[in-house]
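> Contents are compact mmCIF, C-alpha atoms; file name run_11.txt:
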```txt
# COMPACT_ATOMS: atom_id res chain seq x y z
CA MET M 9 0.00 0.00 0.00
CA THR M 10 1.49 3.37 -0.93
CA GLU M 11 0.70 6.92 0.00
CA GLY M 12 -0.70 7.49 -3.42
CA SER M 13 -3.31 4.79 -2.92
CA GLY M 14 -5.53 7.22 -1.01
CA ALA M 15 -5.29 5.30 2.26
CA ARG M 16 -5.61 7.23 5.46
CA ARG M 17 -2.25 8.03 7.05
CA VAL M 18 -1.64 7.06 10.69
CA VAL M 19 1.49 8.21 12.48
CA ILE M 20 2.43 6.41 15.70
CA VAL M 21 5.04 8.04 17.89
CA GLY M 22 6.85 5.46 20.00
CA GLY M 23 7.79 1.82 19.53
CA GLY M 24 7.09 0.63 23.06
CA PHE M 25 4.20 -1.47 24.33
CA ALA M 26 1.54 1.06 23.34
CA GLY M 27 2.99 1.68 19.88
CA LEU M 28 3.16 -2.02 19.07
CA PHE M 29 -0.35 -2.60 20.41
CA ALA M 30 -1.55 0.13 18.04
CA VAL M 31 0.32 -1.43 15.11
CA ARG M 32 -1.26 -4.79 15.82
CA ALA M 33 -4.73 -3.26 16.03
CA LEU M 34 -4.25 -1.60 12.64
CA ALA M 35 -2.66 -4.59 10.93
CA ARG M 36 -5.71 -5.31 8.73
CA ALA M 37 -7.06 -1.77 8.51
CA PRO M 38 -7.05 0.12 5.17
CA VAL M 39 -4.50 2.64 6.44
CA GLN M 40 -0.84 3.44 5.87
CA VAL M 41 1.02 3.45 9.20
CA THR M 42 4.29 5.20 9.98
CA LEU M 43 5.90 4.24 13.29
CA ILE M 44 8.53 6.72 14.51
CA ASP M 45 10.98 6.01 17.32
CA ARG M 46 14.39 7.40 18.20
CA ALA M 47 15.70 3.89 18.95
CA GLU M 48 15.91 1.06 16.45
CA HIS M 49 14.69 -1.49 18.98
CA HIS M 50 11.69 -2.28 21.13
CA LEU M 51 12.74 -2.60 24.76
CA PHE M 52 11.05 -4.91 27.26
CA GLN M 53 11.53 -2.55 30.20
CA PRO M 54 10.30 -4.88 32.98
CA MET M 55 13.49 -6.93 32.51
CA LEU M 56 15.92 -4.02 32.57
CA TYR M 57 16.93 -4.76 36.15
CA GLN M 58 18.11 -8.23 35.08
CA CYS M 59 20.27 -6.64 32.42
CA ALA M 60 21.59 -4.14 34.97
CA THR M 61 22.65 -6.93 37.35
CA GLY M 62 24.21 -9.24 34.81
CA ILE M 63 21.57 -11.96 34.52
CA LEU M 64 20.59 -11.14 30.95
CA SER M 65 22.52 -9.65 28.06
CA GLU M 66 20.97 -6.60 26.42
CA GLY M 67 20.08 -8.61 23.34
CA LYS M 68 17.68 -10.70 25.41
CA ILE M 69 15.42 -7.76 26.27
CA ALA M 70 15.58 -5.71 23.05
CA ALA M 71 14.25 -6.68 19.62
CA PRO M 72 14.78 -4.75 16.36
CA LEU M 73 11.63 -2.84 15.48
CA ARG M 74 12.08 -3.57 11.78
CA GLN M 75 12.07 -7.28 12.58
CA LEU M 76 8.91 -6.97 14.67
CA LEU M 77 7.16 -4.96 11.96
CA ALA M 78 8.34 -6.98 8.96
CA LYS M 79 5.10 -8.94 8.62
CA HIS M 80 2.93 -5.82 8.61
CA SER M 81 2.89 -4.70 4.99
CA ASN M 82 1.03 -1.46 5.78
CA VAL M 83 3.61 -0.29 8.35
CA GLU M 84 6.77 1.71 7.74
CA PHE M 85 9.35 2.31 10.47
CA VAL M 86 11.39 5.51 10.64
CA ILE M 87 14.15 6.17 13.17
CA ALA M 88 13.90 9.78 14.29
CA GLU M 89 13.13 11.83 17.38
CA VAL M 90 9.78 13.59 17.27
CA THR M 91 10.13 17.15 18.57
CA GLY M 92 6.64 18.54 17.96
CA ILE M 93 3.61 18.70 15.72
CA ASP M 94 1.94 21.25 13.50
CA ALA M 95 -1.71 20.58 14.31
CA GLY M 96 -3.05 22.97 11.68
CA ARG M 97 -1.11 21.34 8.84
CA ARG M 98 -1.36 17.85 10.40
CA GLN M 99 2.38 17.35 10.30
CA VAL M 100 4.67 15.58 12.76
CA VAL M 101 8.03 17.32 13.09
CA ALA M 102 11.04 15.09 13.78
CA ARG M 103 14.82 15.21 13.88
CA ARG M 104 16.90 12.55 12.14
CA PRO M 105 19.73 10.80 14.07
CA LEU M 106 22.52 12.72 12.29
CA GLY M 107 20.65 16.01 12.19
CA GLY M 108 18.20 17.54 9.82
CA GLN M 109 14.46 18.05 10.24
CA VAL M 110 11.82 15.93 8.56
CA GLU M 111 8.01 16.10 8.56
CA PHE M 112 5.37 13.39 8.27
CA GLY M 113 1.80 14.10 7.28
CA TYR M 114 -1.02 12.34 9.10
CA ASP M 115 -4.76 11.93 9.18
CA TYR M 116 -4.62 10.28 12.60
CA LEU M 117 -1.92 10.68 15.22
CA ILE M 118 -1.23 8.22 18.06
CA LEU M 119 1.10 9.44 20.78
CA ALA M 120 2.75 6.51 22.56
CA ALA M 121 6.06 8.07 23.54
CA GLY M 122 5.93 6.69 27.08
CA VAL M 123 7.65 8.34 30.02
CA ARG M 124 11.09 9.33 31.22
CA GLN M 125 12.79 9.37 34.62
CA SER M 126 11.67 12.13 36.96
CA TYR M 127 13.98 13.68 39.55
CA PHE M 128 11.18 15.83 40.97
CA GLY M 129 12.78 19.10 39.95
CA HIS M 130 16.36 18.07 40.77
CA ASP M 131 17.74 17.10 37.38
CA GLU M 132 21.22 17.83 38.73
CA TYR M 133 21.03 14.45 40.47
CA ALA M 134 20.90 12.58 37.15
CA PRO M 135 24.69 12.31 36.54
CA ILE M 136 25.21 11.12 40.13
CA ALA M 137 22.19 8.85 40.54
CA PRO M 138 21.32 7.20 37.20
CA GLY M 139 17.79 6.03 36.53
CA MET M 140 16.83 2.93 34.59
CA LYS M 141 14.68 3.51 31.52
CA THR M 142 16.94 2.53 28.63
CA ILE M 143 19.53 -0.08 27.67
CA GLU M 144 22.19 2.58 28.13
CA ASP M 145 20.96 3.23 31.68
CA ALA M 146 21.07 -0.47 32.52
CA MET M 147 24.62 -0.82 31.21
CA LYS M 148 25.72 2.20 33.23
CA ILE M 149 24.21 0.71 36.39
CA ARG M 150 25.80 -2.67 35.63
CA ARG M 151 29.23 -1.05 35.43
CA ARG M 152 28.59 0.78 38.69
CA ILE M 153 27.47 -2.30 40.58
CA PHE M 154 30.27 -4.64 39.55
CA GLY M 155 32.80 -1.81 39.47
CA ALA M 156 31.94 -1.00 43.09
CA PHE M 157 32.92 -4.51 44.22
CA GLU M 158 36.21 -4.22 42.33
CA MET M 159 36.98 -0.87 43.95
CA ALA M 160 36.12 -2.23 47.38
CA GLU M 161 38.49 -5.17 46.81
CA SER M 162 41.41 -2.80 46.19
CA ALA M 163 40.52 -0.27 48.91
CA GLY M 164 42.84 -0.30 51.91
CA ASP M 165 40.78 2.00 54.14
CA PRO M 166 37.77 0.35 55.85
CA ALA M 167 35.66 3.51 55.51
CA GLU M 168 36.38 3.71 51.80
CA ARG M 169 35.57 0.04 51.40
CA ALA M 170 32.26 0.52 53.23
CA ARG M 171 31.30 3.33 50.86
CA TRP M 172 31.89 1.14 47.84
CA LEU M 173 29.88 -1.68 49.40
CA THR M 174 26.86 0.50 50.18
CA PHE M 175 24.14 0.81 47.55
CA ALA M 176 21.36 3.36 48.04
CA LEU M 177 18.22 3.10 45.91
CA VAL M 178 15.68 5.91 45.87
CA GLY M 179 12.15 4.67 45.21
CA ALA M 180 10.43 1.45 46.32
CA GLY M 181 8.24 0.86 43.29
CA PRO M 182 8.69 -2.18 41.02
CA THR M 183 12.06 -1.03 39.70
CA GLY M 184 13.48 -0.27 43.14
CA VAL M 185 12.19 -3.50 44.67
CA GLU M 186 13.48 -5.67 41.83
CA LEU M 187 16.87 -3.99 41.64
CA ALA M 188 17.44 -3.90 45.41
CA GLY M 189 16.64 -7.59 45.78
CA GLN M 190 18.80 -8.52 42.83
CA ILE M 191 21.84 -6.60 44.08
CA ARG M 192 21.66 -8.55 47.32
CA GLU M 193 21.37 -11.78 45.35
CA VAL M 194 24.46 -10.86 43.34
CA ALA M 195 26.36 -10.06 46.53
CA THR M 196 25.36 -13.14 48.50
CA LYS M 197 25.38 -15.75 45.73
CA THR M 198 26.89 -14.76 42.39
CA LEU M 199 29.99 -13.03 43.80
CA ARG M 200 30.21 -14.76 47.17
CA ARG M 201 33.46 -16.68 46.55
CA GLU M 202 35.18 -14.50 43.98
CA TYR M 203 37.12 -12.04 46.12
CA ARG M 204 40.08 -12.38 48.48
CA HIS M 205 39.93 -9.21 50.57
CA ILE M 206 36.21 -8.47 50.86
CA LYS M 207 33.08 -10.40 51.60
CA PRO M 208 30.55 -9.36 48.94
CA GLN M 209 27.73 -10.52 51.22
CA ASP M 210 28.64 -7.62 53.52
CA ALA M 211 27.28 -5.22 50.89
CA ARG M 212 24.48 -3.01 52.26
CA VAL M 213 21.50 -2.27 50.08
CA LEU M 214 19.38 0.63 51.35
CA LEU M 215 15.94 1.22 49.84
CA PHE M 216 14.37 4.63 50.50
CA ASP M 217 10.80 5.70 49.79
CA GLY M 218 8.48 8.42 50.99
CA GLY M 219 5.60 5.95 51.31
CA THR M 220 4.90 3.61 54.15
CA ALA M 221 5.73 0.35 52.35
CA PRO M 222 7.35 -1.01 49.17
CA LEU M 223 5.04 -1.57 46.20
CA ALA M 224 2.31 0.28 48.07
CA MET M 225 0.52 1.06 44.79
CA PHE M 226 -0.22 -2.65 44.29
CA GLY M 227 -2.16 -3.15 47.51
CA PRO M 228 -1.35 -4.30 51.04
CA LYS M 229 -1.00 -8.03 50.28
CA LEU M 230 1.64 -7.67 47.60
CA SER M 231 3.32 -4.88 49.54
CA ALA M 232 3.63 -7.06 52.64
CA LEU M 233 5.06 -9.94 50.61
CA ALA M 234 7.64 -7.66 49.03
CA ALA M 235 8.64 -6.20 52.41
CA ARG M 236 8.97 -9.68 53.93
CA ASP M 237 11.08 -11.09 51.13
CA LEU M 238 13.27 -8.02 50.82
CA GLY M 239 13.96 -8.35 54.54
CA LYS M 240 14.94 -11.99 54.08
CA LEU M 241 17.35 -10.97 51.34
CA GLY M 242 18.97 -8.42 53.63
CA VAL M 243 17.67 -5.24 52.01
CA GLU M 244 17.39 -2.41 54.55
CA LEU M 245 14.01 -0.72 54.14
CA HIS M 246 13.76 2.98 54.96
CA MET M 247 10.12 3.86 54.43
CA SER M 248 8.52 7.26 55.13
CA SER M 249 11.91 8.69 54.17
CA ILE M 250 12.38 11.56 51.74
CA VAL M 251 15.69 12.15 50.00
CA THR M 252 16.56 15.82 50.37
CA HIS M 253 20.03 15.94 48.83
CA VAL M 254 22.29 13.81 46.62
CA ASP M 255 25.97 14.43 45.87
CA GLN M 256 29.06 12.50 44.86
CA GLY M 257 29.68 11.32 48.41
CA GLY M 258 26.21 10.11 49.32
CA LEU M 259 22.73 11.35 50.13
CA GLU M 260 20.73 12.99 52.89
CA VAL M 261 17.37 11.61 53.96
CA LYS M 262 14.62 13.08 56.16
CA ASP M 263 12.54 10.55 58.06
CA HIS M 264 8.93 10.85 59.27
CA ASP M 265 10.11 12.63 62.44
CA GLY M 266 11.91 15.27 60.43
CA THR M 267 15.36 13.98 61.35
CA VAL M 268 17.89 14.30 58.53
CA THR M 269 20.51 11.56 58.24
CA ARG M 270 23.43 11.42 55.86
CA TYR M 271 24.47 8.11 54.28
CA GLN M 272 27.97 7.80 52.87
CA THR M 273 28.04 5.92 49.57
CA TRP M 274 29.35 6.22 46.04
CA ASN M 275 26.47 4.17 44.67
CA VAL M 276 23.17 6.05 44.50
CA LEU M 277 20.61 4.67 42.02
CA TRP M 278 17.39 6.51 41.20
CA THR M 279 14.36 4.24 40.91
CA ALA M 280 11.61 6.75 41.76
CA GLY M 281 9.21 8.72 39.64
CA VAL M 282 8.32 9.12 35.98
CA GLU M 283 7.13 12.05 33.94
CA ALA M 284 6.02 12.78 30.41
CA PRO M 285 8.79 13.49 27.89
CA PRO M 286 9.32 17.01 26.48
CA LEU M 287 7.18 16.03 23.49
CA ALA M 288 4.09 16.22 25.71
CA ALA M 289 4.63 19.93 26.35
CA ALA M 290 5.19 20.57 22.65
CA VAL M 291 1.96 18.77 21.74
CA ALA M 292 0.03 20.63 24.44
CA ARG M 293 1.23 23.96 23.05
CA ALA M 294 0.35 22.96 19.50
CA THR M 295 -3.14 21.68 20.29
CA GLY M 296 -4.21 23.58 23.39
CA ALA M 297 -4.65 20.28 25.20
CA ASP M 298 -4.95 20.27 28.98
CA ARG M 299 -2.26 18.28 30.76
CA GLY M 300 -2.31 16.68 34.18
CA ARG M 301 0.60 17.17 36.58
CA PRO M 302 2.57 14.06 35.54
CA GLY M 303 2.05 14.88 31.88
CA PRO M 304 -0.84 12.85 30.34
CA PHE M 305 -3.52 14.67 28.37
CA HIS M 306 -7.14 14.88 29.41
CA ARG M 307 -10.14 14.22 27.21
CA GLY M 308 -12.20 17.13 26.01
CA PRO M 309 -15.79 17.81 27.09
CA SER M 310 -17.12 15.68 24.22
CA GLY M 311 -15.05 12.69 25.31
CA ASP M 312 -13.09 12.79 22.06
CA PRO M 313 -9.40 13.26 22.83
CA GLY M 314 -8.71 14.55 19.30
CA HIS M 315 -4.94 15.05 19.19
CA ARG M 316 -4.75 14.08 22.83
CA GLY M 317 -3.70 10.71 24.14
CA ARG M 318 -1.68 8.79 26.67
CA ASP M 319 0.27 5.56 26.81
CA GLU M 320 -2.55 3.46 28.24
CA PRO M 321 -1.18 0.06 27.15
CA GLY M 322 2.07 1.10 28.82
CA GLN M 323 0.13 1.78 32.00
CA ALA M 324 -1.41 -1.69 31.79
CA ALA M 325 2.00 -3.22 31.25
CA ARG M 326 3.25 -1.64 34.45
CA GLY M 327 0.37 -3.26 36.30
CA GLY M 328 1.48 -6.66 35.07
CA ARG M 329 4.97 -5.77 36.10
CA GLY M 330 3.91 -5.58 39.72
CA ARG M 331 3.06 -9.27 39.67
CA HIS M 332 6.43 -9.94 38.15
CA ALA M 333 8.10 -7.86 40.87
CA ASP M 334 6.61 -10.10 43.53
CA ARG M 335 7.78 -13.23 41.75
CA ALA M 336 11.19 -11.72 41.19
CA VAL M 337 11.76 -11.06 44.85
CA ARG M 338 10.43 -14.41 45.99
CA ARG M 339 12.26 -16.61 43.52
CA ALA M 340 15.91 -15.90 44.39
CA GLN M 341 16.85 -14.84 40.91
CA ALA M 342 20.66 -14.69 41.05
CA ARG M 343 21.67 -17.29 38.51
CA PRO M 344 24.41 -17.64 35.87
CA PRO M 345 24.36 -15.05 33.08
CA GLY M 346 22.31 -15.84 29.99
CA PRO M 347 23.61 -17.00 26.63
CA GLY M 348 25.34 -13.65 26.21
CA GLY M 349 28.15 -14.93 28.45
CA ASP M 350 29.70 -13.45 31.57
CA VAL M 351 28.53 -9.86 31.35
CA ARG M 352 31.03 -8.70 33.94
CA GLN M 353 33.61 -8.52 31.21
CA THR M 354 32.03 -5.15 30.37
CA VAL M 355 32.83 -3.65 33.79
CA GLN M 356 34.70 -0.37 33.78
CA VAL M 357 36.22 0.94 36.98
CA PRO M 358 34.32 4.12 37.91
```
Once you've parsed the file, please lay out its structure as structure tokens.

Amino acid sequence: MTEGSGARRVVIVGGGFAGLFAVRALARAPVQVTLIDRAEHHLFQPMLYQCATGILSEGKIAAPLRQLLAKHSNVEFVIAEVTGIDAGRRQVVARRPLGGQVEFGYDYLILAAGVRQSYFGHDEYAPIAPGMKTIEDAMKIRRRIFGAFEMAESAGDPAERARWLTFALVGAGPTGVELAGQIREVATKTLRREYRHIKPQDARVLLFDGGTAPLAMFGPKLSALAARDLGKLGVELHMSSIVTHVDQGGLEVKDHDGTVTRYQTWNVLWTAGVEAPPLAAAVARATGADRGRPGPFHRGPSGDPGHRGRDEPGQAARGGRGRHADRAVRRAQARPPGPGGDVRQTVQVP
């Protein structure tokens, strides 16, 4: 089917769960679909923590979008970063990987760009405390985790060694729970017998959250199971705790009594909060759409969202991820690396 065939043009922004759900729904429709994403792969984000801790290679959780779309004859994939839209002309404005602007006309526009990490107004924390939303993020965290054990092994000062063996995670949602539990599994099982001067099982994993319990958004039963199993793994839970400052030497945390405590560590990982990408603001300006605080658009009075939309399938996927988080914590997941080999060969000393 070509553009000249008179078929309606559908542009989908984002190749994540929502974008692929939309492609599948339109597979037999008399439309010409253009899927635009800035990455060439679809990422299965719920498994990022396993990539970050060396269980899976990156190839196990990412699939080329062209491969996934090959059987859909009415779908074209374009790698580009969408920067805005011209609602009046019905044009999507994008930037190619090596520069240069390109536009795509549409009759229908589906926005499925997902979310990005939120630092709640403190973006200066990002270089110090990496989040985990992309393959690149997971690889950075992997280098930090395994690099920290290497640095501790060579440290002569006990205080320095303790800093390297302390991991602070901010946010006790699915990502924080999964990653905290897995770091303890790596320390107590995977690396247990590999060092001469340190005991990896002495590594402290601190999990901070402003709520009263981990995975609180999934209900009291799942939350209690997660708290119990994290405790068994040796994760130190600091609930009702708000991080007030992060720097190269550690972080400061205010508890429910208002007491501020400083924790010395060179390993702060950010697993809290998401927000809409900059594209959401550009679309809101172009269409006059009303946005909620986290970034999604609201429907108009008629119930027709028009140019508005949100990554609903992505929201559903995160719900399923909560069930996976519970299984992940309960199943003692530290096991040999996948077919990709020993991923620790990629470690770089920080």
> Considering only C-alpha atoms, can you say which of M:Ala188, M:Ala288, M:Met140, M:Val178 comes closest to Asp237 in chain M?
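Comparing M:Ala188, M:Ala288, M:Met140, M:Val178 against Asp237 in chain M, the winner is M:Ala188.
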> Counting only C-alpha atoms, find the residues whose atoms lie at most 6 Å from (17.8, -7.2, 30.6) (file coordinates) and write them out as an MDAnalysis selection string.
chainID M and resid 55:56 58:59 64:66 69
> Looking at only C-alpha atoms, which of M:Ala170, M:Val90, M:Leu73, M:Val276 is the one that sits closest to Arg46 in chain M?
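Looking at the shortest contact to Arg46 in chain M, the residue is M:Val90.
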> Mind giving me the straight-line distance from CA of Arg103 in chain M to CA of Arg32 in chain M in Å, one decimal?
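CA of Arg32 in chain M lies at a distance of 25.7 Å from CA of Arg103 in chain M.
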> Just how far from CA of Gln75 in chain M is CA of Glu48 in chain M, in Å to one decimal?
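Atom-to-atom, CA of Glu48 in chain M to CA of Gln75 in chain M, that is 10.0 Å.
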> List the residues sitting within 12 Å of (12.1, 16.6, 56.6) in the file's frame, using only C-alpha atoms, as a ChimeraX atom specification.
/M:218,248-253,260-269
> By how many Å are CA of Gly139 in chain M and CA of Ala88 in chain M apart?
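Atom-to-atom, CA of Gly139 in chain M to CA of Ala88 in chain M, that is 22.9 Å.
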> Pick from M:Asn82, M:Thr42, M:Gln256, M:Gln272: nearest to Ile118 in chain M, with all atoms listed in the file counted?
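Residue with the minimum atom-to-atom distance to Ile118 in chain M: M:Thr42.
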> Just checking: using all atoms listed in the file, which residue out of M:Val100, M:Ile87, M:Met225, M:Leu277 ends up closest to Ile149 in chain M?
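Using all atoms listed in the file, Ile149 in chain M sits closest to M:Leu277.
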> Name the closest residue to Gly189 in chain M among the candidates M:Pro166, M:Thr295, M:Tyr57, M:Ala78; distances are taken between atoms, counting only C-alpha atoms.
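Nearest to Gly189 in chain M: M:Tyr57.
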> Between M:Phe128, M:Thr91, M:Asn275, M:Asp210, which residue has the minimum interatomic distance to Phe154 in chain M, considering only C-alpha atoms?
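Of M:Phe128, M:Thr91, M:Asn275, M:Asp210, the one nearest Phe154 in chain M is M:Asn275, counting only C-alpha atoms.
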> Mind checking which residues fall within 12 Å of Leu117 in chain M, counting all atoms listed in the file, ignoring those fewer than 4 positions away in the same chain, and posting them as a JSON list (two decimals) with C-alpha atoms, keeping the file's coordinate frame?

```
[["chain", "number", "residue", "atom", "x", "y", "z"],
["M", 16, "ARG", "CA", -5.61, 7.23, 5.46],
["M", 17, "ARG", "CA", -2.25, 8.03, 7.05],
["M", 18, "VAL", "CA", -1.64, 7.06, 10.69],
["M", 19, "VAL", "CA", 1.49, 8.21, 12.48],
["M", 20, "ILE", "CA", 2.43, 6.41, 15.70],
["M", 21, "VAL", "CA", 5.04, 8.04, 17.89],
["M", 22, "GLY", "CA", 6.85, 5.46, 20.00],
["M", 27, "GLY", "CA", 2.99, 1.68, 19.88],
["M", 30, "ALA", "CA", -1.55, 0.13, 18.04],
["M", 40, "GLN", "CA", -0.84, 3.44, 5.87],
["M", 41, "VAL", "CA", 1.02, 3.45, 9.20],
["M", 42, "THR", "CA", 4.29, 5.20, 9.98],
["M", 43, "LEU", "CA", 5.90, 4.24, 13.29],
["M", 44, "ILE", "CA", 8.53, 6.72, 14.51],
["M", 92, "GLY", "CA", 6.64, 18.54, 17.96],
["M", 93, "ILE", "CA", 3.61, 18.70, 15.72],
["M", 94, "ASP", "CA", 1.94, 21.25, 13.50],
["M", 95, "ALA", "CA", -1.71, 20.58, 14.31],
["M", 98, "ARG", "CA", -1.36, 17.85, 10.40],
["M", 99, "GLN", "CA", 2.38, 17.35, 10.30],
["M", 100, "VAL", "CA", 4.67, 15.58, 12.76],
["M", 112, "PHE", "CA", 5.37, 13.39, 8.27],
["M", 113, "GLY", "CA", 1.80, 14.10, 7.28],
["M", 121, "ALA", "CA", 6.06, 8.07, 23.54],
["M", 291, "VAL", "CA", 1.96, 18.77, 21.74],
["M", 313, "PRO", "CA", -9.40, 13.26, 22.83],
["M", 314, "GLY", "CA", -8.71, 14.55, 19.30],
["M", 315, "HIS", "CA", -4.94, 15.05, 19.19],
["M", 316, "ARG", "CA", -4.75, 14.08, 22.83],
["M", 317, "GLY", "CA", -3.70, 10.71, 24.14],
["M", 318, "ARG", "CA", -1.68, 8.79, 26.67]]
```
> Determine, counting all atoms listed in the file, which protein, DNA and RNA residues have an atom within 8 Å of an atom of His246 in chain M; residues of the same chain fewer than 2 positions away are not included. Present the result as a PDB file with C-alpha atoms, keeping the file's coordinate frame.

```pdb
ATOM      1  CA  LEU M 214      19.380   0.630  51.350  1.00  0.00           C
ATOM      2  CA  LEU M 215      15.940   1.220  49.840  1.00  0.00           C
ATOM      3  CA  PHE M 216      14.370   4.630  50.500  1.00  0.00           C
ATOM      4  CA  ASP M 217      10.800   5.700  49.790  1.00  0.00           C
ATOM      5  CA  GLU M 244      17.390  -2.410  54.550  1.00  0.00           C
ATOM      6  CA  SER M 248       8.520   7.260  55.130  1.00  0.00           C
ATOM      7  CA  SER M 249      11.910   8.690  54.170  1.00  0.00           C
TER       8      SER M 249
END
```
> List the spatial neighbours of range 192-205 of chain M as a ChimeraX atom specification - criterion: any atom at most 9 Å away, all atoms listed in the file, same-chain residues fewer than 2 positions off excluded.
/M:61-62,157-158,160-162,187-190,207-213,241-243,340-344
> Would you save the residues of that selection, restricted to C-alpha atoms, as a PDB file, in the frame of the given file?

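See selection.pdb below for the written result:
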```pdb
ATOM      1  CA  THR M  61      22.650  -6.930  37.350  1.00  0.00           C
ATOM      2  CA  GLY M  62      24.210  -9.240  34.810  1.00  0.00           C
ATOM      3  CA  PHE M 157      32.920  -4.510  44.220  1.00  0.00           C
ATOM      4  CA  GLU M 158      36.210  -4.220  42.330  1.00  0.00           C
ATOM      5  CA  ALA M 160      36.120  -2.230  47.380  1.00  0.00           C
ATOM      6  CA  GLU M 161      38.490  -5.170  46.810  1.00  0.00           C
ATOM      7  CA  SER M 162      41.410  -2.800  46.190  1.00  0.00           C
ATOM      8  CA  LEU M 187      16.870  -3.990  41.640  1.00  0.00           C
ATOM      9  CA  ALA M 188      17.440  -3.900  45.410  1.00  0.00           C
ATOM     10  CA  GLY M 189      16.640  -7.590  45.780  1.00  0.00           C
ATOM     11  CA  GLN M 190      18.800  -8.520  42.830  1.00  0.00           C
ATOM     12  CA  LYS M 207      33.080 -10.400  51.600  1.00  0.00           C
ATOM     13  CA  PRO M 208      30.550  -9.360  48.940  1.00  0.00           C
ATOM     14  CA  GLN M 209      27.730 -10.520  51.220  1.00  0.00           C
ATOM     15  CA  ASP M 210      28.640  -7.620  53.520  1.00  0.00           C
ATOM     16  CA  ALA M 211      27.280  -5.220  50.890  1.00  0.00           C
ATOM     17  CA  ARG M 212      24.480  -3.010  52.260  1.00  0.00           C
ATOM     18  CA  VAL M 213      21.500  -2.270  50.080  1.00  0.00           C
ATOM     19  CA  LEU M 241      17.350 -10.970  51.340  1.00  0.00           C
ATOM     20  CA  GLY M 242      18.970  -8.420  53.630  1.00  0.00           C
ATOM     21  CA  VAL M 243      17.670  -5.240  52.010  1.00  0.00           C
ATOM     22  CA  ALA M 340      15.910 -15.900  44.390  1.00  0.00           C
ATOM     23  CA  GLN M 341      16.850 -14.840  40.910  1.00  0.00           C
ATOM     24  CA  ALA M 342      20.660 -14.690  41.050  1.00  0.00           C
ATOM     25  CA  ARG M 343      21.670 -17.290  38.510  1.00  0.00           C
ATOM     26  CA  PRO M 344      24.410 -17.640  35.870  1.00  0.00           C
TER      27      PRO M 344
END
```
